Amino acid sequence: MRQPAKSSADTASPRAGHRFARGALRWAERGFALFGLLVAVWWLSFDISIVTSPSMTPALQGTSLDNGDRVLTEKISYRFRAPRRWEVITFFTPDGEKRMKRVAGLPGEYVQMTRQGKLVIDGQPVDVPGSVDVKYLAYGNLTEGKPVPCGDGYYVLGDDLKDSDDSRFNGPLAADAIVGRAWLILWPKPRVGRVK
């Protein structure tokens, strides 16, 4: 007895299945590659931190992981330019702790402070921008009114100087410790906006 001949639909079915599987694998590979690219771009360009200290109040607020501002730091600007005076930067301390402070003194400058809390750079009084609500206090290496050299680092200060472990006690910050510019407050909702 003769076997019935196989139709072209029967023979094409396994090939169609292989084509579908290959196509699905190709799309999955592209999806994973795109995901990896996005992760790499994020990792190279941004960083998120939670403020757990009141040392940058009122610009940044928080005292714990539960109530601290969520801050987005962008890492791109400083690949093309140096940090500017009064910008808030994110950096790592020598023991690996991440912090945020405001740049007061730039490389090559000398920083000192009058008894009235006036910041002096290279012998000239410097006004704090209107958007920054701070009163600096002469503690640490600024107590005697002598100029403190920045060398090739940055002199950073907290906005709430009665509670800030900054360059007054640790000296200027090395440029290679800087992560980037604290850019946006992402949370809590009432405080969302640019870091001032």
# chains A, B, ... in the order shown; residues from 1 in each chain; ligands from 1
>>> residues_around(residues="range 90-94 of chain A", least_positions_apart="3", cutoff="7 Å", atoms="only C-alpha atoms", output="list in words")
Thr73, Glu97, Lys98, Arg99, Met100, Lys101, Ala177, Ile178, Val179, Gly180, Arg181 and Ala182 of chain A
>>> residues_around(residues="Ser55 in chain A", least_positions_apart="3", cutoff="10 Å", atoms="only C-alpha atoms", output="VMD selection string")
chain A and resid 51 to 52 58 to 63 99 to 101 157 to 166
>>> select_by_dssp(residues="range 37-164 of chain A", states="strand (DSSP E or B)", output="PyMOL selection string")
chain A and resi 46-50+70-74+88-92+98-105+110-113+119-121+124-125+148-149+154-157
>>> select_by_dssp(residues="range 4-159 of chain A", states="helix (DSSP H, G or I)", output="count of residues only")
47
>>> closest_residue(among="A:Phe46, A:Asp69, A:Asp152, A:Met56", to="Pro190 in chain A", atoms="only C-alpha atoms")
A:Asp69
>>> atom_distance(atom1="CA of Ile121 in chain A", atom2="CA of Pro147 in chain A")
8.3 Å
>>> residues_around(residues="range 64-67 of chain A", least_positions_apart="6", cutoff="12 Å", atoms="only C-alpha atoms", output="number ranges by chain")
A: 49-54, 187-189, 191
>>> write_last_selection(atoms="N, CA and C atoms", output="compact mmCIF listing (two decimals), in the first residue's frame")
# COMPACT_ATOMS: atom_id res chain seq x y z
N SER A 49 21.86 59.61 45.20
CA SER A 49 22.26 59.57 46.60
C SER A 49 21.08 59.98 47.48
N ILE A 50 21.14 59.53 48.72
CA ILE A 50 20.15 59.95 49.72
C ILE A 50 20.87 60.78 50.77
N VAL A 51 20.35 61.96 51.05
CA VAL A 51 20.95 62.86 52.04
C VAL A 51 20.61 62.35 53.43
N THR A 52 21.64 62.07 54.24
CA THR A 52 21.42 61.53 55.59
C THR A 52 22.02 62.42 56.67
N SER A 53 22.37 63.66 56.30
CA SER A 53 22.97 64.58 57.25
C SER A 53 22.41 65.98 57.01
N PRO A 54 22.20 66.76 58.07
CA PRO A 54 21.70 68.12 57.88
C PRO A 54 22.78 69.14 57.49
N TRP A 187 13.16 63.52 44.97
CA TRP A 187 12.16 63.17 45.98
C TRP A 187 12.61 63.73 47.31
N PRO A 188 11.73 64.15 48.20
CA PRO A 188 10.28 64.06 48.20
C PRO A 188 9.63 65.07 47.26
N LYS A 189 8.38 64.80 46.93
CA LYS A 189 7.67 65.55 45.90
C LYS A 189 7.69 67.07 46.12
N ARG A 191 9.88 68.92 47.25
CA ARG A 191 11.22 69.50 47.08
C ARG A 191 11.83 69.20 45.72
>>> closest_residue(among="A:Gly171, A:Gly17, A:Pro129, A:Gly123", to="Leu142 in chain A", atoms="only C-alpha atoms")
A:Gly171
>>> decode(residues="range 100-159 of chain A", atoms="C-alpha atoms", output="mmCIF file, in the first residue's frame")
data_model
loop_
_atom_site.group_PDB
_atom_site.id
_atom_site.type_symbol
_atom_site.label_atom_id
_atom_site.label_comp_id
_atom_site.auth_asym_id
_atom_site.auth_seq_id
_atom_site.Cartn_x
_atom_site.Cartn_y
_atom_site.Cartn_z
ATOM 1 C CA MET A 100 27.850 66.527 49.075
ATOM 2 C CA LYS A 101 29.306 69.970 49.775
ATOM 3 C CA ARG A 102 29.504 73.376 48.128
ATOM 4 C CA VAL A 103 32.678 74.478 46.315
ATOM 5 C CA ALA A 104 34.100 77.638 47.947
ATOM 6 C CA GLY A 105 37.771 77.660 46.902
ATOM 7 C CA LEU A 106 39.230 76.603 43.543
ATOM 8 C CA PRO A 107 42.662 75.110 42.765
ATOM 9 C CA GLY A 108 45.471 77.639 43.230
ATOM 10 C CA GLU A 109 43.421 79.929 45.496
ATOM 11 C CA TYR A 110 43.806 80.823 49.166
ATOM 12 C CA VAL A 111 40.738 80.718 51.430
ATOM 13 C CA GLN A 112 40.301 82.555 54.705
ATOM 14 C CA MET A 113 37.457 83.868 56.827
ATOM 15 C CA THR A 114 36.914 87.032 58.822
ATOM 16 C CA ARG A 115 35.564 86.959 62.362
ATOM 17 C CA GLN A 116 32.253 88.171 60.987
ATOM 18 C CA GLY A 117 31.989 85.025 58.852
ATOM 19 C CA LYS A 118 32.889 86.711 55.557
ATOM 20 C CA LEU A 119 34.640 84.388 53.123
ATOM 21 C CA VAL A 120 37.828 85.809 51.606
ATOM 22 C CA ILE A 121 39.475 84.354 48.490
ATOM 23 C CA ASP A 122 42.989 85.505 47.576
ATOM 24 C CA GLY A 123 42.572 88.519 49.865
ATOM 25 C CA GLN A 124 39.249 89.635 48.330
ATOM 26 C CA PRO A 125 35.864 89.233 50.081
ATOM 27 C CA VAL A 126 33.541 86.948 48.113
ATOM 28 C CA ASP A 127 29.758 87.274 48.164
ATOM 29 C CA VAL A 128 27.683 84.143 48.491
ATOM 30 C CA PRO A 129 25.053 84.011 45.706
ATOM 31 C CA GLY A 130 21.566 85.183 46.654
ATOM 32 C CA SER A 131 20.098 81.706 46.146
ATOM 33 C CA VAL A 132 22.425 80.276 48.819
ATOM 34 C CA ASP A 133 21.171 80.914 52.366
ATOM 35 C CA VAL A 134 24.264 80.311 54.514
ATOM 36 C CA LYS A 135 26.342 81.955 57.200
ATOM 37 C CA TYR A 136 29.870 80.625 57.306
ATOM 38 C CA LEU A 137 31.620 80.040 60.623
ATOM 39 C CA ALA A 138 35.367 80.165 61.235
ATOM 40 C CA TYR A 139 36.102 76.689 62.602
ATOM 41 C CA GLY A 140 38.949 74.245 61.989
ATOM 42 C CA ASN A 141 41.746 75.597 59.771
ATOM 43 C CA LEU A 142 39.898 78.923 59.354
ATOM 44 C CA THR A 143 39.878 79.874 63.048
ATOM 45 C CA GLU A 144 43.033 81.992 63.039
ATOM 46 C CA GLY A 145 42.115 84.011 59.971
ATOM 47 C CA LYS A 146 45.187 82.801 58.073
ATOM 48 C CA PRO A 147 44.883 81.961 54.362
ATOM 49 C CA VAL A 148 44.513 78.232 53.681
ATOM 50 C CA PRO A 149 45.965 77.131 50.313
ATOM 51 C CA CYS A 150 43.742 75.004 48.077
ATOM 52 C CA GLY A 151 46.784 73.658 46.223
ATOM 53 C CA ASP A 152 45.453 71.570 43.347
ATOM 54 C CA GLY A 153 42.249 70.709 45.226
ATOM 55 C CA TYR A 154 38.891 72.285 46.035
ATOM 56 C CA TYR A 155 37.923 73.905 49.329
ATOM 57 C CA VAL A 156 34.406 72.660 50.080
ATOM 58 C CA LEU A 157 31.993 73.810 52.778
ATOM 59 C CA GLY A 158 28.609 72.665 54.026
ATOM 60 C CA ASP A 159 25.751 75.162 54.035
#
